[in-house]
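Note sheet for the following structure.
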Amino acid sequence: MSDYQTPDDLKSIPAFVALAPAEANAFLAFNHAVERKDGLIPPKYRELISLAVALTTQCAYCLDVHTAQAAEVGATREEVAEAALIAAAVRAGGTLSHALLAQRLFERYEGAG
């Protein structure tokens, strides 16, 4: 199944939007708002943030789009690598915090069986 996810899927966005135009256009308007060039956060940082989030959500299409856009706005390979490792550390931190919750829940359920 090597064609499970392919960049060509992005070409089907207009047809997908046509299936639920109110919802899709609201989503696209929100997406365009956060991708604006005149915000307080410069475009390069916006793309590095987007790329880090895409890595943690594991969205292949987002990785494709935001890697290309990061390169367009001048991000370097080193910045992309740092953003990736920051995302990995934060994701690992989330795992650790949930492990602490699991330990507390385990204590609650341990004697309830």
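A note on labels: chains of the structure tokens are A, B, ... as shown, every chain counts residues from 1, and ligands are counted from 1 in their shown order.
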Env of segment 91-107 of chain A: 8 Å cut, atoms = only C-alpha atoms, seq-sep filter 4 positions within chain, self excluded. Answer as an NGL selection string. :A and (56 or 87 or 111)
Selected residues written out, N, CA, C and O atoms, as a PDB file, in the first residue's frame:
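File produced: part_38.pdb:
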ATOM      1  N   THR A  56       4.200  16.218  15.811  1.00  0.00           N
ATOM      2  CA  THR A  56       3.578  15.570  16.968  1.00  0.00           C
ATOM      3  C   THR A  56       2.224  14.957  16.618  1.00  0.00           C
ATOM      4  O   THR A  56       1.856  13.942  17.195  1.00  0.00           O
ATOM      5  N   ALA A  87       9.866  19.383  19.534  1.00  0.00           N
ATOM      6  CA  ALA A  87       8.567  18.705  19.482  1.00  0.00           C
ATOM      7  C   ALA A  87       8.646  17.317  20.104  1.00  0.00           C
ATOM      8  O   ALA A  87       7.749  16.905  20.851  1.00  0.00           O
ATOM      9  N   GLY A 111      -6.812  -1.695  44.429  1.00  0.00           N
ATOM     10  CA  GLY A 111      -7.522  -2.481  45.435  1.00  0.00           C
ATOM     11  C   GLY A 111      -9.013  -2.640  45.154  1.00  0.00           C
ATOM     12  O   GLY A 111      -9.711  -3.288  45.905  1.00  0.00           O
TER      13      GLY A 111
END
Can you list, as a list in words, every protein, DNA or RNA residue that comes within 12 Å of Asn31 of chain A when you count only C-alpha atoms, leaving out same-chain residues fewer than 4 positions away? Ala24, Asn25, Ala26, Phe27, Glu35, Arg36, Arg46, Ser50 and Cys62 of chain A
Among chain A, which residues does DSSP mark as helix (DSSP H, G or I) when it is run on the backbone? Keep the chain and numbering as in the structure and answer as a count of residues only. 89
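When atom CA of Lys11 of chain A is paired with atom CA of Asp64 of chain A, their separation reads 13.0 Å.
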Nearest residue to Val65 of chain A out of A:Asp38, A:Glu79, A:Asp8, A:Glu23, using only C-alpha atoms? A:Asp8
